[in-house]
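Peer 1: Data file model.txt (compact mmCIF, C-alpha atoms) is appended below.
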# COMPACT_ATOMS: atom_id res chain seq x y z
CA MET A 1 -24.60 -10.13 -10.41
CA ASN A 2 -23.73 -11.14 -6.88
CA LEU A 3 -20.49 -13.00 -6.25
CA PRO A 4 -20.83 -14.68 -2.85
CA ILE A 5 -18.81 -17.66 -4.03
CA ILE A 6 -15.53 -15.77 -4.05
CA SER A 7 -15.78 -14.48 -0.51
CA ASN A 8 -13.33 -17.10 0.75
CA TYR A 9 -10.66 -15.70 -1.51
CA LEU A 10 -11.56 -12.09 -0.91
CA ALA A 11 -11.11 -12.59 2.81
CA LEU A 12 -7.41 -13.07 2.11
CA SER A 13 -7.06 -9.91 0.08
CA LEU A 14 -5.25 -7.87 2.72
CA ILE A 15 -3.19 -10.61 4.37
CA CYS A 16 0.44 -9.46 4.08
CA ALA A 17 -1.03 -7.01 1.64
CA MET A 18 1.70 -4.43 1.61
CA GLY A 19 4.22 -5.84 4.07
CA PHE A 20 7.65 -4.31 4.45
CA SER A 21 9.25 -6.25 1.62
CA GLN A 22 12.01 -4.42 -0.24
CA ALA A 23 10.91 -6.06 -3.49
CA THR A 24 11.22 -3.49 -6.25
CA SER A 25 11.05 -3.23 -9.99
CA THR A 26 14.75 -2.41 -10.05
CA GLN A 27 16.17 -4.54 -7.23
CA PRO A 28 15.28 -8.14 -6.37
CA ALA A 29 13.91 -8.85 -2.92
CA GLN A 30 15.77 -11.01 -0.45
CA LYS A 31 14.02 -14.32 -0.07
CA GLN A 32 12.90 -14.43 3.52
CA GLY A 33 10.09 -16.74 4.54
CA ASN A 34 6.92 -16.87 2.50
CA GLU A 35 7.08 -14.42 -0.42
CA GLU A 36 3.49 -15.08 -1.49
CA ASN A 37 1.29 -11.98 -1.50
CA LYS A 38 4.16 -9.50 -1.19
CA PRO A 39 3.81 -6.80 -3.84
CA SER A 40 6.53 -4.98 -5.69
CA THR A 41 7.18 -1.66 -3.96
CA PRO A 42 9.77 1.00 -4.68
CA THR A 43 13.04 1.13 -2.81
CA MET A 44 12.90 3.22 0.31
CA GLN A 45 15.21 5.88 -1.09
CA LEU A 46 14.01 8.28 -3.75
CA TYR A 47 17.65 8.89 -4.54
CA ASP A 48 20.73 6.67 -4.47
CA VAL A 49 22.67 7.98 -1.48
CA PRO A 50 26.51 8.06 -1.57
CA PRO A 51 28.69 7.16 1.43
CA VAL A 52 28.72 9.77 4.19
CA LYS A 53 31.75 12.00 4.62
CA GLU A 54 33.68 12.05 7.84
CA SER A 55 31.77 13.81 10.61
CA SER A 56 33.71 16.55 12.41
CA GLY A 57 33.87 16.77 16.18
CA GLU A 58 33.61 13.06 16.95
CA THR A 59 36.08 11.00 18.95
CA PRO A 60 38.37 8.44 17.31
CA GLU A 61 36.40 5.72 19.09
CA GLU A 62 33.12 6.91 17.59
CA SER A 63 34.72 7.10 14.13
CA ALA A 64 36.04 3.57 14.51
CA ASP A 65 32.67 2.24 15.66
CA TYR A 66 30.94 3.91 12.73
CA LEU A 67 33.49 2.52 10.28
CA LYS A 68 32.83 -0.95 11.66
CA LEU A 69 29.09 -0.42 11.22
CA SER A 70 29.41 0.87 7.66
CA GLN A 71 31.24 -2.29 6.58
CA ILE A 72 28.39 -4.65 7.59
CA SER A 73 26.13 -5.83 4.75
CA GLU A 74 24.00 -8.45 6.57
CA PRO A 75 20.76 -6.73 7.68
CA ALA A 76 20.32 -8.32 11.12
CA ALA A 77 23.93 -7.67 12.10
CA GLY A 78 23.70 -4.11 10.79
CA ALA A 79 20.53 -3.48 12.78
CA GLN A 80 22.17 -4.60 16.00
CA LEU A 81 25.24 -2.43 15.39
CA ILE A 82 23.02 0.58 14.75
CA GLU A 83 21.16 -0.04 18.00
CA ASP A 84 24.44 -0.38 19.89
CA PHE A 85 25.90 2.75 18.27
CA LEU A 86 22.88 4.92 19.04
CA LYS A 87 22.83 3.69 22.64
CA LYS A 88 26.54 4.41 23.07
CA TYR A 89 26.49 7.77 21.24
CA PRO A 90 22.98 9.21 21.71
CA SER A 91 24.11 12.74 20.71
CA SER A 92 26.07 11.67 17.65
CA LYS A 93 25.75 13.84 14.56
CA ARG A 94 25.32 10.59 12.66
CA ALA A 95 22.12 9.70 14.55
CA PRO A 96 19.66 10.98 11.87
CA LEU A 97 21.53 9.08 9.16
CA LEU A 98 21.51 5.91 11.25
CA HIS A 99 17.79 6.22 12.01
CA TYR A 100 17.29 6.53 8.25
CA GLY A 101 19.42 3.45 7.59
CA ALA A 102 17.60 1.55 10.32
CA VAL A 103 14.27 2.19 8.60
CA SER A 104 15.63 0.59 5.44
CA ILE A 105 17.04 -2.40 7.33
CA TYR A 106 13.93 -3.04 9.42
CA GLN A 107 11.87 -2.74 6.26
CA GLN A 108 13.89 -5.67 4.90
CA LEU A 109 13.54 -7.58 8.16
CA ASN A 110 9.76 -6.99 8.36
CA ASN A 111 10.19 -5.61 11.89
CA TYR A 112 7.24 -3.26 12.22
CA ASP A 113 7.90 -1.93 15.73
CA LYS A 114 11.52 -1.02 15.07
CA LEU A 115 10.75 0.44 11.65
CA VAL A 116 8.17 2.75 13.20
CA GLU A 117 10.46 3.67 16.11
CA HIS A 118 13.34 4.75 13.87
CA GLY A 119 11.12 6.24 11.19
CA GLU A 120 9.34 8.55 13.60
CA LYS A 121 12.67 9.46 15.21
CA PHE A 122 14.11 10.37 11.82
CA LEU A 123 11.10 12.52 10.93
CA GLU A 124 11.74 14.65 14.01
CA THR A 125 14.75 16.10 12.17
CA SER A 126 13.55 15.63 8.55
CA PRO A 127 9.73 15.88 8.62
CA SER A 128 9.42 16.22 4.83
CA ASN A 129 11.46 13.21 3.77
CA ILE A 130 9.32 11.48 1.15
CA ALA A 131 10.96 8.07 1.41
CA VAL A 132 10.46 7.69 5.15
CA LEU A 133 6.95 9.17 5.07
CA SER A 134 6.03 6.64 2.38
CA THR A 135 7.58 3.72 4.21
CA LEU A 136 5.82 4.61 7.46
CA GLY A 137 2.52 5.05 5.64
CA LEU A 138 2.96 1.59 4.18
CA ALA A 139 3.75 0.13 7.60
CA TYR A 140 0.81 1.78 9.34
CA ALA A 141 -1.59 0.75 6.55
CA SER A 142 -0.53 -2.89 6.74
CA HIS A 143 -1.25 -2.86 10.49
CA GLY A 144 -4.67 -1.25 10.18
CA GLU A 145 -3.62 2.10 11.69
CA VAL A 146 -5.79 4.07 9.31
CA ASP A 147 -5.33 7.58 10.69
CA LYS A 148 -1.54 7.39 10.85
CA SER A 149 -1.29 5.80 7.42
CA THR A 150 -3.57 8.43 5.89
CA GLU A 151 -1.60 11.25 7.48
CA LYS A 152 1.76 10.01 6.20
CA ALA A 153 0.56 9.06 2.71
CA THR A 154 -1.34 12.32 2.22
CA LYS A 155 1.71 14.35 3.20
CA ALA A 156 3.99 12.30 0.92
CA ILE A 157 1.64 12.76 -2.04
CA GLY A 158 1.52 16.52 -1.44
CA LEU A 159 5.32 16.68 -1.44
CA LEU A 160 5.58 14.51 -4.55
CA ASP A 161 3.04 16.63 -6.41
CA SER A 162 5.15 19.73 -5.84
CA LEU A 163 8.52 18.03 -6.28
CA ALA A 164 10.55 19.39 -9.20
CA LYS A 165 13.29 17.37 -10.83
CA PRO A 166 16.60 18.60 -9.43
CA ALA A 167 19.02 20.09 -11.94
CA SER A 168 21.59 17.50 -10.86
CA VAL A 169 19.37 14.62 -12.05
CA THR A 170 20.36 13.66 -15.59
CA ASP A 171 18.33 10.48 -16.11
CA GLU A 172 14.85 11.91 -16.51
CA ALA A 173 13.17 8.56 -17.23
CA ARG A 174 14.62 7.06 -14.06
CA TRP A 175 13.53 10.10 -12.04
CA THR A 176 9.98 9.93 -13.40
CA ASN A 177 9.74 6.20 -12.78
CA GLN A 178 10.85 6.53 -9.16
CA ARG A 179 8.47 9.41 -8.53
CA ASN A 180 5.59 7.45 -10.06
CA GLN A 181 6.45 4.41 -7.93
CA PHE A 182 6.22 6.49 -4.76
CA LEU A 183 2.97 8.10 -5.87
CA ALA A 184 1.50 4.67 -6.64
CA MET A 185 2.60 3.29 -3.29
CA ASN A 186 1.08 6.19 -1.35
CA TYR A 187 -2.22 6.06 -3.23
CA ALA A 188 -2.28 2.32 -2.53
CA CYS A 189 -1.73 3.14 1.17
CA LEU A 190 -4.79 5.38 1.08
CA GLY A 191 -6.71 2.68 -0.76
CA MET A 192 -5.70 0.07 1.76
CA SER A 193 -6.74 2.30 4.68
CA SER A 194 -10.10 3.03 3.04
CA TYR A 195 -10.65 -0.68 2.46
CA THR A 196 -9.88 -1.40 6.12
CA THR A 197 -12.43 1.27 7.06
CA TYR A 198 -14.94 -0.33 4.67
CA GLU A 199 -14.57 -3.73 6.32
CA LEU A 200 -15.01 -2.28 9.82
CA GLU A 201 -18.07 -0.27 8.80
CA ARG A 202 -19.61 -3.17 6.90
CA LYS A 203 -19.18 -5.38 9.95
CA LYS A 204 -21.02 -2.84 12.11
CA GLU A 205 -23.79 -2.54 9.52
CA LYS A 206 -24.27 -6.29 9.40
CA GLU A 207 -24.40 -6.49 13.18
CA LEU A 208 -27.04 -3.74 13.21
CA GLU A 209 -29.06 -5.49 10.50
CA ALA A 210 -28.96 -8.73 12.48
CA ALA A 211 -30.01 -6.95 15.67
CA ASN A 212 -32.95 -5.31 13.93
CA GLN A 213 -34.30 -8.52 12.40
CA GLY A 214 -37.52 -9.70 14.03
CA LYS A 215 -38.26 -6.38 15.66
CA PRO A 216 -41.85 -5.10 15.25
CA PRO A 217 -42.32 -2.22 12.82
CA ALA A 218 -42.20 1.25 14.24
CA THR A 219 -45.56 2.47 15.60
CA LEU A 220 -47.30 5.49 14.18
CA PRO A 221 -46.94 8.72 16.14
CA ALA A 222 -49.79 9.50 18.55
CA GLY A 223 -52.73 11.20 16.84
CA THR A 224 -51.96 9.82 13.37
CA PRO A 225 -55.12 8.26 11.82
CA SER A 226 -54.76 4.61 10.88
CA SER A 227 -55.76 3.14 7.52
CA LYS A 228 -58.86 1.64 9.15
CA GLU A 229 -59.96 5.05 10.39
CA THR A 230 -59.42 6.75 7.06
CA GLY A 231 -60.84 3.86 5.03
CA SER A 232 -57.89 3.89 2.67
CA GLU A 233 -54.89 1.68 2.19
CA PRO A 234 -51.62 3.19 3.22
CA THR A 235 -49.56 4.46 0.31
CA LYS A 236 -46.22 2.68 -0.02
CA GLN A 237 -43.54 5.22 -0.60
CA PRO A 238 -40.47 3.99 -2.46
CA THR A 239 -37.42 3.93 -0.26
CA PRO A 240 -34.69 6.04 -1.88
CA HIS A 241 -31.31 4.37 -2.11
CA THR A 242 -28.74 6.01 0.09
CA SER A 243 -25.11 5.04 0.20
CA SER A 244 -24.06 3.56 3.50
CA LYS A 245 -20.81 4.51 5.19
CA SER A 246 -19.26 1.27 3.97
CA ASP A 247 -20.34 2.01 0.37
CA ILE A 248 -18.62 5.38 0.54
CA SER A 249 -15.41 3.90 1.98
CA LEU A 250 -15.36 1.20 -0.69
CA ALA A 251 -15.80 3.84 -3.40
CA LYS A 252 -12.91 5.83 -1.92
CA SER A 253 -10.74 2.73 -1.89
CA LEU A 254 -11.58 2.11 -5.54
CA GLY A 255 -10.59 5.66 -6.44
CA TYR A 256 -7.25 5.43 -4.65
CA PHE A 257 -6.27 2.07 -6.14
CA THR A 258 -7.32 3.28 -9.58
CA LYS A 259 -4.98 6.24 -9.12
CA ALA A 260 -2.20 3.88 -8.02
CA VAL A 261 -2.35 1.84 -11.23
CA GLU A 262 -2.49 5.01 -13.29
CA TYR A 263 0.96 5.85 -11.97
CA GLN A 264 2.23 2.26 -11.99
CA PRO A 265 0.13 -0.10 -14.16
CA ARG A 266 2.35 -3.06 -13.28
CA TYR A 267 1.74 -2.66 -9.53
CA ASP A 268 0.60 -6.20 -8.71
CA TYR A 269 -0.94 -5.42 -5.33
CA ALA A 270 -2.98 -2.49 -6.60
CA GLN A 271 -4.29 -4.48 -9.58
CA PHE A 272 -5.20 -7.38 -7.30
CA GLN A 273 -7.02 -5.16 -4.85
CA LEU A 274 -8.93 -3.52 -7.70
CA GLY A 275 -10.17 -6.99 -8.57
CA VAL A 276 -11.31 -7.50 -4.99
CA ILE A 277 -13.15 -4.19 -4.90
CA TYR A 278 -14.84 -4.68 -8.27
CA ALA A 279 -15.99 -8.12 -7.12
CA ARG A 280 -17.40 -6.60 -3.94
CA ARG A 281 -19.28 -4.14 -6.13
CA SER A 282 -20.47 -6.97 -8.43
CA GLU A 283 -18.71 -5.37 -11.40
CA VAL A 284 -17.77 -8.72 -12.87
CA ASP A 285 -16.03 -7.74 -16.11
CA LYS A 286 -13.82 -5.19 -14.35
CA ALA A 287 -12.97 -7.71 -11.63
CA ILE A 288 -11.95 -10.24 -14.27
CA ASP A 289 -9.76 -7.68 -16.03
CA ALA A 290 -8.00 -6.59 -12.81
CA PHE A 291 -7.39 -10.14 -11.57
CA ALA A 292 -6.06 -11.12 -15.00
CA LYS A 293 -3.58 -8.23 -14.95
CA ALA A 294 -2.51 -9.00 -11.39
CA HIS A 295 -1.78 -12.56 -12.51
CA VAL A 296 0.14 -11.82 -15.71
CA ILE A 297 2.31 -9.23 -13.93
CA GLY A 298 3.76 -12.22 -12.12
CA GLY A 299 4.32 -10.69 -8.68
CA GLY A 300 3.57 -12.06 -5.25
CA PHE A 301 -0.18 -11.93 -5.87
CA ALA A 302 -0.09 -13.92 -9.13
CA SER A 303 -1.31 -17.21 -7.65
CA MET A 304 -4.18 -15.77 -5.62
CA ALA A 305 -5.17 -13.51 -8.52
CA LYS A 306 -5.42 -16.57 -10.76
CA GLN A 307 -7.64 -18.34 -8.22
CA ASN A 308 -9.95 -15.35 -7.91
CA LEU A 309 -9.99 -14.87 -11.67
CA GLU A 310 -11.13 -18.45 -12.26
CA VAL A 311 -13.85 -18.25 -9.61
CA VAL A 312 -15.29 -14.99 -10.96
CA TYR A 313 -14.95 -16.16 -14.55
CA LYS A 314 -16.88 -19.35 -13.77
CA VAL A 315 -19.66 -17.37 -12.12
CA LYS A 316 -20.07 -15.34 -15.30
CA ASN A 317 -19.63 -18.25 -17.75
CA LYS A 318 -21.78 -20.98 -16.22
CA ASN A 319 -18.93 -22.77 -14.47
CA SER A 320 -16.78 -22.85 -17.61
CA LEU A 321 -13.22 -21.58 -18.11
CA ASP A 322 -13.49 -21.57 -21.90
CA GLY A 323 -11.94 -18.39 -23.23
CA ILE A 324 -9.95 -17.50 -20.12
CA ASP A 325 -6.66 -17.78 -22.04
CA GLN A 326 -7.84 -14.99 -24.32
CA VAL A 327 -8.64 -12.87 -21.27
CA LEU A 328 -5.11 -13.36 -19.95
CA ALA A 329 -3.60 -12.60 -23.36
CA LYS A 330 -5.62 -9.39 -23.58
CA ALA A 331 -4.52 -8.34 -20.10
CA LYS A 332 -0.89 -8.92 -21.03
CA GLU A 333 -1.24 -6.81 -24.16
CA GLU A 334 -2.84 -3.93 -22.26
CA LEU A 335 -0.05 -3.70 -19.68
CA PRO A 336 2.94 -1.51 -20.58
CA PRO A 337 6.27 -3.27 -21.14
CA ILE A 338 8.60 -3.80 -18.22
CA PRO A 339 10.79 -0.67 -17.96
CA PRO A 340 14.52 -1.11 -18.58
CA PRO A 341 16.85 -1.20 -15.57
CA PRO A 342 18.08 2.18 -14.34
CA SER A 343 21.40 3.57 -15.46
CA ALA A 344 24.41 2.25 -13.57
CA LYS A 345 25.54 5.71 -12.49
CA PRO A 346 23.21 7.11 -9.80
CA ASP A 347 22.12 10.71 -9.74
CA PRO A 348 23.46 12.73 -6.80
CA PRO A 349 20.98 13.55 -4.05
CA PRO A 350 19.70 17.09 -3.53
CA SER A 351 20.91 18.95 -0.48
CA ASP A 352 17.76 18.29 1.57
CA GLN A 353 18.08 14.50 1.37
CA PRO A 354 20.03 12.55 4.03
CA GLN A 355 23.44 11.42 2.94
CA GLY A 356 24.76 8.08 4.00
CA GLN A 357 25.55 4.60 2.84
CA GLY A 358 23.39 3.09 0.11
CA ARG A 359 22.11 -0.38 0.83
How does this structure look as C-alpha cells?

Peer 2:
Amino acid sequence: MNLPIISNYLALSLICAMGFSQATSTQPAQKQGNEENKPSTPTMQLYDVPPVKESSGETPEESADYLKLSQISEPAAGAQLIEDFLKKYPSSKRAPLLHYGAVSIYQQLNNYDKLVEHGEKFLETSPSNIAVLSTLGLAYASHGEVDKSTEKATKAIGLLDSLAKPASVTDEARWTNQRNQFLAMNYACLGMSSYTTYELERKKEKELEAANQGKPPATLPAGTPSSKETGSEPTKQPTPHTSSKSDISLAKSLGYFTKAVEYQPRYDYAQFQLGVIYARRSEVDKAIDAFAKAHVIGGGFASMAKQNLEVVYKVKNKNSLDGIDQVLAKAKEELPPIPPPPSAKPDPPPSDQPQGQGR
C-alpha cells in the first residue's frame, strides 16, 4: 500500500530531530523557545561529576577567577566566563575540564558551532570520553554531517559495548539505564545519518529518472539480428528487482532505529522515526504502531506523531478513525513503565572520567 498522502508530514521528520536539548528522562529540560520535536536524550555525563579539587601550581588570580566561574549557574553567563577564562589562561590545567563543561552548556544553549569547538578540543586530551563522543555525534547528525556523526557514534558504541560497571558504582539499575540511554542515542545518531543519506540518494535517483524519461530505448549492438530478420518476436525477460542505494540506506536506518528502541523503548524520537521509515516502506501496520507509541510516550514528537498516525490510519481504514483509541491503548500497554528517578546519592566517577562541577 502506497502512502503518498503523508509525505507532507514525513518531510518534517528530521526538523530539529535530535537538537542539542538537555531534556532527559531524569532531569527536566529548560524551556527555551519552541520545544516541539525535541526528543528526550540522556544527560551529557555518564557519571555525576563532583566539584573539582584545587589545582596546584596556579596563581591566586587564576584560582579566584575559577572560583567566580564555578559559582555561576546561568548557562549564558557561564559560557562567557569559560570563554574569558580560557582566553586569559590558555595553558591552565583546568582547560580540559572547562572544555568539557562548555560542551554541556552549549548543548543547553543549542549553540552548534561552540559545542563542536569545545567538544573537539576536549577530545584531544580525552579521545575515549563516551559522553562527549555521543554529544558530538548527536550534533553532527542533526546538521547532516554524516561522516563525522558516524565516526563519533560508532566509536561511542564500541566503548559502551566493552564498558564494565565500575566497582565503585552501587546503583546497578541506574548504571544500566544510563548506559542504555547512551547506546540508544548513538544508534539513533547512526539511524539519522543513514536516513539523511537515503534522502540524498533518493533525490539523485529521482533526478536521474526524470532525466531519462522520454529518451529513446537503447539500440541493439551492431550485428545483432532484429526480430524482423529472425521472424520471431523478441522474448521479454523479466527485470530482476535490485535494491537501489536509497533502499539500502533506508534499510540501514531502520536497523539502527530498531536497535535504539531496543535499548530505550520510550525514546520518543526513535519511535517517531521508525514510523516515518515504515511509512516510506509502505509497512502500514508497523508505521501505525510506531507513531502510536511515539504519541503515548508524550515527548516532543507527540503532536506530530498523532498527526501522522491519523493520516496513515485513515489510509488503511477508508478515511475512518474508528478504533484508533484501541490502537493507542495497545501501544501504551506495550511500552515499559517509566523508570523511577535515580537515587539521590550519585556514584563516584571512575578515574578516567573528567572531574569537575556537575551542572

Peer 1: Restricting the calculation to all atoms listed in the file: of A:Leu98, A:Ala139, A:Leu254, A:Val327, which residue gets closest to Ala270 (chain A)?

Peer 2: A:Leu254

Peer 1: Write out as a ChimeraX atom specification which residues come within 8 Å of Tyr256 (chain A) when counting all atoms listed in the file, dropping same-chain ones fewer than 6 positions away.

Peer 2: /A:187-188,190-191

Peer 1: To one decimal place in Å, what is the distance between CA of Lys316 (chain A) and CA of Leu250 (chain A)?

Peer 2: 22.6 Å

Peer 1: What does the distance from CA of Lys203 (chain A) to CA of Val261 (chain A) come to in Å, to one decimal?

Peer 2: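 For CA of Lys203 (chain A) relative to CA of Val261 (chain A), the distance reads 28.0 Å.
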
Peer 1: Please determine, counting all atoms listed in the file, which residue among A:Ser303, A:Gln108, A:Gln326, A:Ser194 has the shortest atom-to-atom distance to Lys245 (chain A).

Peer 2: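 Closest to Lys245 (chain A), using all atoms listed in the file: A:Ser194.
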
Peer 1: For each of A:Asp171, A:Glu262, A:Glu151, A:Asp247, take the minimum atom-to-atom distance to Thr197 (chain A), counting only C-alpha atoms, then give the residue where this is smallest.

Peer 2: A:Asp247

Peer 1: Which residues come within 8 Å of region 277-287 of chain A, counting all atoms listed in the file, excluding same-chain residues fewer than 2 positions away, as a VMD selection string?

Peer 2: chain A and resid 1 to 3 250 253 to 254 273 to 275 289 to 291 309 312 316

Peer 1: Pick out the closest residue to Tyr263 (chain A) from this set: A:Ser246, A:Ser320, A:Thr176, A:Gln307. Count only C-alpha atoms.

Peer 2: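 Closest to Tyr263 (chain A), using only C-alpha atoms: A:Thr176.
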
Peer 1: Can you tell me how far CA of Ile157 (chain A) sits from CA of Tyr198 (chain A), in Å to one decimal?

Peer 2: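 Here the two named atoms are 22.2 Å from each other.
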
Peer 1: Do a neighbour search on Ile324 (chain A) at 9 Å with all atoms listed in the file, toss out local chain neighbours closer than 3 positions, and write the hits as number ranges by chain.

Peer 2: A: 309-310, 313, 321, 327-329

Peer 1: Looking at only C-alpha atoms, which of A:Ala305, A:Leu133, A:Trp175, A:Val116 is the one that sits closest to Ala156 (chain A)?

Peer 2: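 Between A:Ala305, A:Leu133, A:Trp175, A:Val116, the residue approaching Ala156 (chain A) most closely is A:Leu133.
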
Peer 1: Restricting the calculation to all atoms listed in the file, which member of A:Ala210, A:Val276, A:Asn180, A:Val315 is positioned closest to Lys259 (chain A)?

Peer 2: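 Nearest to Lys259 (chain A): A:Asn180.
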